[in-house]
$ cat data.cif   # mmCIF, C-alpha atoms
data_start
#
loop_
_atom_site.group_PDB
_atom_site.id
_atom_site.type_symbol
_atom_site.label_atom_id
_atom_site.label_comp_id
_atom_site.auth_asym_id
_atom_site.auth_seq_id
_atom_site.Cartn_x
_atom_site.Cartn_y
_atom_site.Cartn_z
ATOM 1 C CA MET D 1 73.610 140.399 205.356
ATOM 2 C CA VAL D 2 76.958 141.894 204.344
ATOM 3 C CA SER D 3 77.947 139.250 201.797
ATOM 4 C CA PHE D 4 79.231 140.325 198.396
ATOM 5 C CA THR D 5 77.378 137.358 196.860
ATOM 6 C CA GLY D 6 73.734 136.438 196.828
ATOM 7 C CA ALA D 7 70.653 138.598 197.114
ATOM 8 C CA THR D 8 72.044 141.251 199.453
ATOM 9 C CA GLY D 9 72.224 145.023 199.445
ATOM 10 C CA VAL D 10 76.002 144.812 199.551
ATOM 11 C CA TYR D 11 76.008 142.723 196.369
ATOM 12 C CA LEU D 12 73.935 145.399 194.617
ATOM 13 C CA GLN D 13 76.275 148.115 195.889
ATOM 14 C CA TYR D 14 79.264 146.080 194.714
ATOM 15 C CA MET D 15 77.801 145.733 191.220
ATOM 16 C CA HIS D 16 77.235 149.491 191.099
ATOM 17 C CA THR D 17 80.847 150.183 192.096
ATOM 18 C CA ARG D 18 82.043 147.646 189.522
ATOM 19 C CA ILE D 19 80.211 149.526 186.768
ATOM 20 C CA LYS D 20 81.557 152.852 188.026
ATOM 21 C CA SER D 21 85.057 151.381 187.854
ATOM 22 C CA ILE D 22 84.506 150.444 184.200
ATOM 23 C CA GLN D 23 83.293 153.973 183.490
ATOM 24 C CA ARG D 24 86.341 155.502 185.207
ATOM 25 C CA LYS D 25 88.716 153.302 183.210
ATOM 26 C CA ALA D 26 86.919 154.233 179.993
ATOM 27 C CA ALA D 27 87.193 157.937 180.794
ATOM 28 C CA GLU D 28 90.901 157.586 181.639
ATOM 29 C CA ALA D 29 91.466 155.894 178.282
ATOM 30 C CA GLY D 30 89.577 158.663 176.495
ATOM 31 C CA ASN D 31 86.611 156.379 175.819
ATOM 32 C CA GLY D 32 84.019 158.130 177.945
ATOM 33 C CA GLU D 33 81.487 158.374 175.108
ATOM 34 C CA ALA D 34 78.409 156.278 175.818
ATOM 35 C CA ARG D 35 76.042 156.237 172.886
ATOM 36 C CA PHE D 36 73.683 153.545 171.633
ATOM 37 C CA GLN D 37 74.147 152.488 168.050
ATOM 38 C CA PRO D 38 70.762 151.040 167.015
ATOM 39 C CA SER D 39 72.220 149.610 163.806
ATOM 40 C CA LEU D 40 74.490 147.185 165.682
ATOM 41 C CA SER D 41 73.325 143.660 166.332
ATOM 42 C CA LEU D 42 73.254 142.643 169.979
ATOM 43 C CA GLU D 43 74.763 139.648 171.674
ATOM 44 C CA PRO D 44 72.190 137.620 173.660
ATOM 45 C CA GLN D 45 73.490 139.029 176.968
ATOM 46 C CA GLU D 46 73.263 142.606 175.665
ATOM 47 C CA ARG D 47 69.705 141.994 174.530
ATOM 48 C CA ALA D 48 68.709 140.387 177.836
ATOM 49 C CA LEU D 49 70.175 143.297 179.803
ATOM 50 C CA SER D 50 68.482 145.854 177.544
ATOM 51 C CA LEU D 51 65.085 144.210 177.916
ATOM 52 C CA LEU D 52 65.490 144.007 181.676
ATOM 53 C CA LEU D 53 66.447 147.675 181.902
ATOM 54 C CA ASP D 54 63.219 148.468 180.072
ATOM 55 C CA GLU D 55 61.215 146.819 182.878
ATOM 56 C CA LEU D 56 62.051 149.467 185.495
ATOM 57 C CA ASP D 57 58.887 151.532 185.015
ATOM 58 C CA ALA D 58 56.620 148.490 185.214
ATOM 59 C CA THR D 59 58.437 147.315 188.331
ATOM 60 C CA LEU D 60 58.075 150.707 190.014
ATOM 61 C CA ASP D 61 54.374 150.793 189.120
ATOM 62 C CA ALA D 62 53.887 147.332 190.622
ATOM 63 C CA VAL D 63 55.737 148.337 193.798
ATOM 64 C CA ALA D 64 53.672 151.521 194.147
ATOM 65 C CA GLU D 65 50.435 149.595 193.681
ATOM 66 C CA SER D 66 51.258 146.671 195.958
ATOM 67 C CA LEU D 67 53.390 148.549 198.511
ATOM 68 C CA GLU D 68 55.845 145.646 198.389
ATOM 69 C CA PRO D 69 59.374 147.045 198.110
ATOM 70 C CA HIS D 70 60.856 143.547 197.973
ATOM 71 C CA ARG D 71 59.701 143.470 194.333
ATOM 72 C CA LEU D 72 62.093 146.330 193.584
ATOM 73 C CA ALA D 73 64.874 144.573 195.478
ATOM 74 C CA GLY D 74 64.235 141.414 193.458
ATOM 75 C CA TYR D 75 64.275 143.374 190.203
ATOM 76 C CA LEU D 76 67.588 145.028 191.139
ATOM 77 C CA TYR D 77 69.115 141.653 192.008
ATOM 78 C CA THR D 78 67.976 140.226 188.664
ATOM 79 C CA LEU D 79 69.416 143.297 186.922
ATOM 80 C CA ALA D 80 72.750 142.925 188.723
ATOM 81 C CA ARG D 81 72.955 139.260 187.707
ATOM 82 C CA ALA D 82 72.096 140.126 184.104
ATOM 83 C CA PHE D 83 74.816 142.781 184.109
ATOM 84 C CA SER D 84 77.318 140.260 185.461
ATOM 85 C CA GLU D 85 76.443 137.829 182.652
ATOM 86 C CA PHE D 86 76.719 140.648 180.104
ATOM 87 C CA TYR D 87 80.093 141.736 181.457
ATOM 88 C CA GLU D 88 81.474 138.184 181.375
ATOM 89 C CA ALA D 89 80.352 137.581 177.789
ATOM 90 C CA CYS D 90 80.805 141.014 176.193
ATOM 91 C CA PRO D 91 84.092 142.900 176.578
ATOM 92 C CA VAL D 92 83.347 146.552 177.202
ATOM 93 C CA LEU D 93 86.685 148.354 177.172
ATOM 94 C CA LYS D 94 88.287 145.857 174.770
ATOM 95 C CA ALA D 95 85.351 145.683 172.373
ATOM 96 C CA ASP D 96 86.117 144.948 168.735
ATOM 97 C CA SER D 97 85.116 148.421 167.498
ATOM 98 C CA ASP D 98 84.565 151.947 168.792
ATOM 99 C CA GLU D 99 80.844 151.704 168.025
ATOM 100 C CA LEU D 100 80.525 148.456 169.964
ATOM 101 C CA ARG D 101 82.440 149.948 172.908
ATOM 102 C CA GLU D 102 80.152 153.004 172.912
ATOM 103 C CA ASN D 103 77.089 150.761 172.838
ATOM 104 C CA ARG D 104 78.348 148.673 175.742
ATOM 105 C CA LEU D 105 79.389 151.744 177.714
ATOM 106 C CA ALA D 106 75.858 153.071 177.235
ATOM 107 C CA LEU D 107 74.487 149.818 178.678
ATOM 108 C CA CYS D 108 76.872 150.197 181.616
ATOM 109 C CA GLN D 109 75.783 153.800 182.177
ATOM 110 C CA LEU D 110 72.086 152.952 182.093
ATOM 111 C CA THR D 111 72.559 149.967 184.387
ATOM 112 C CA ALA D 112 74.488 152.082 186.906
ATOM 113 C CA ARG D 113 71.791 154.780 186.862
ATOM 114 C CA THR D 114 69.049 152.178 187.298
ATOM 115 C CA LEU D 115 70.847 150.524 190.216
ATOM 116 C CA GLU D 116 71.502 153.902 191.808
ATOM 117 C CA GLN D 117 67.884 154.983 191.461
ATOM 118 C CA GLY D 118 66.527 151.672 192.723
ATOM 119 C CA LEU D 119 68.895 151.509 195.672
ATOM 120 C CA GLY D 120 68.045 155.115 196.535
ATOM 121 C CA LEU D 121 64.341 154.279 196.588
ATOM 122 C CA LEU D 122 65.126 151.467 199.018
ATOM 123 C CA GLY D 123 67.125 153.833 201.216
ATOM 124 C CA ILE D 124 70.471 152.275 200.311
ATOM 125 C CA THR D 125 73.387 154.354 199.080
ATOM 126 C CA ALA D 126 75.060 153.506 195.778
ATOM 127 C CA PRO D 127 78.760 154.179 196.414
ATOM 128 C CA GLU D 128 81.215 155.007 193.641
ATOM 129 C CA ARG D 129 83.932 152.887 195.298
ATOM 130 C CA MET D 130 84.098 150.156 197.926
#
$ encode --input "data.cif" --output "structure tokens"
Amino acid sequence: MVSFTGATGVYLQYMHTRIKSIQRKAAEAGNGEARFQPSLSLEPQERALSLLLDELDATLDAVAESLEPHRLAGYLYTLARAFSEFYEACPVLKADSDELRENRLALCQLTARTLEQGLGLLGITAPERM
């Protein structure tokens, strides 16, 4: 129940704090700008994360219709795993260009907001630090 791995609330909170840590480090380095650059090609992990982020509305509609909040929890877990794969494959702070870093920071920002919103709907806080 309190494991940092697996499909647990603590794992989702940990992933949120991990993203917030990346954002803090970016801001400290003067790289706080998070802007999508649609002209850039995406790595497979960036694309997968982007497509998954786009599924939030459909997931919330399904949860509202079925009254099954575990669907939201499952979506958030899948999102957290996709973010982990993205983070392992795509350097954010040490990206090859400023545009690429901004794009990846924007993905981080959107993922953090999505996790925070989803956790909030489940009655779970999304801490900035653990």
$ atom_distance --input "data.cif" --atom1 "CA of Glu102 (chain D)" --atom2 "CA of Phe36 (chain D)"
6.6 Å
$ atom_distance --input "data.cif" --atom1 "CA of Ala106 (chain D)" --atom2 "CA of Tyr14 (chain D)"
19.1 Å
$ resolve_selection --input "data.cif" --expression "the PyMOL selection byres ((chain D and resi 116) around 10)" --output "mmCIF file with C-alpha atoms, in the frame of the given file"
data_model
loop_
_atom_site.group_PDB
_atom_site.id
_atom_site.type_symbol
_atom_site.label_atom_id
_atom_site.label_comp_id
_atom_site.auth_asym_id
_atom_site.auth_seq_id
_atom_site.Cartn_x
_atom_site.Cartn_y
_atom_site.Cartn_z
ATOM 1 C CA LEU D 12 73.935 145.399 194.617
ATOM 2 C CA GLN D 13 76.275 148.115 195.889
ATOM 3 C CA HIS D 16 77.235 149.491 191.099
ATOM 4 C CA LEU D 76 67.588 145.028 191.139
ATOM 5 C CA LEU D 110 72.086 152.952 182.093
ATOM 6 C CA THR D 111 72.559 149.967 184.387
ATOM 7 C CA ALA D 112 74.488 152.082 186.906
ATOM 8 C CA ARG D 113 71.791 154.780 186.862
ATOM 9 C CA THR D 114 69.049 152.178 187.298
ATOM 10 C CA LEU D 115 70.847 150.524 190.216
ATOM 11 C CA GLN D 117 67.884 154.983 191.461
ATOM 12 C CA GLY D 118 66.527 151.672 192.723
ATOM 13 C CA LEU D 119 68.895 151.509 195.672
ATOM 14 C CA GLY D 120 68.045 155.115 196.535
ATOM 15 C CA LEU D 121 64.341 154.279 196.588
ATOM 16 C CA LEU D 122 65.126 151.467 199.018
ATOM 17 C CA ILE D 124 70.471 152.275 200.311
ATOM 18 C CA THR D 125 73.387 154.354 199.080
ATOM 19 C CA ALA D 126 75.060 153.506 195.778
ATOM 20 C CA PRO D 127 78.760 154.179 196.414
ATOM 21 C CA GLU D 128 81.215 155.007 193.641
#
$ closest_residue --input "data.cif" --among "D:Arg129, D:Glu99, D:Leu107, D:Ala64" --to "Asn31 (chain D)" --atoms "only C-alpha atoms"
D:Glu99
$ closest_residue --input "data.cif" --among "D:Gly123, D:Arg35, D:Cys108, D:Arg71" --to "Cys90 (chain D)" --atoms "all atoms listed in the file"
D:Cys108
$ atom_distance --input "data.cif" --atom1 "CA of Ala82 (chain D)" --atom2 "CA of Leu49 (chain D)"
5.7 Å
$ closest_residue --input "data.cif" --among "D:Asn103, D:Ala58, D:Gln109, D:Tyr77" --to "Val10 (chain D)" --atoms "all atoms listed in the file"
D:Tyr77
$ closest_residue --input "data.cif" --among "D:Ala48, D:Leu67, D:Leu105, D:Ile22" --to "Arg81 (chain D)" --atoms "only C-alpha atoms"
D:Ala48
$ closest_residue --input "data.cif" --among "D:Ala80, D:Ala26, D:Leu93, D:Leu40" --to "Leu52 (chain D)" --atoms "only C-alpha atoms"
D:Ala80
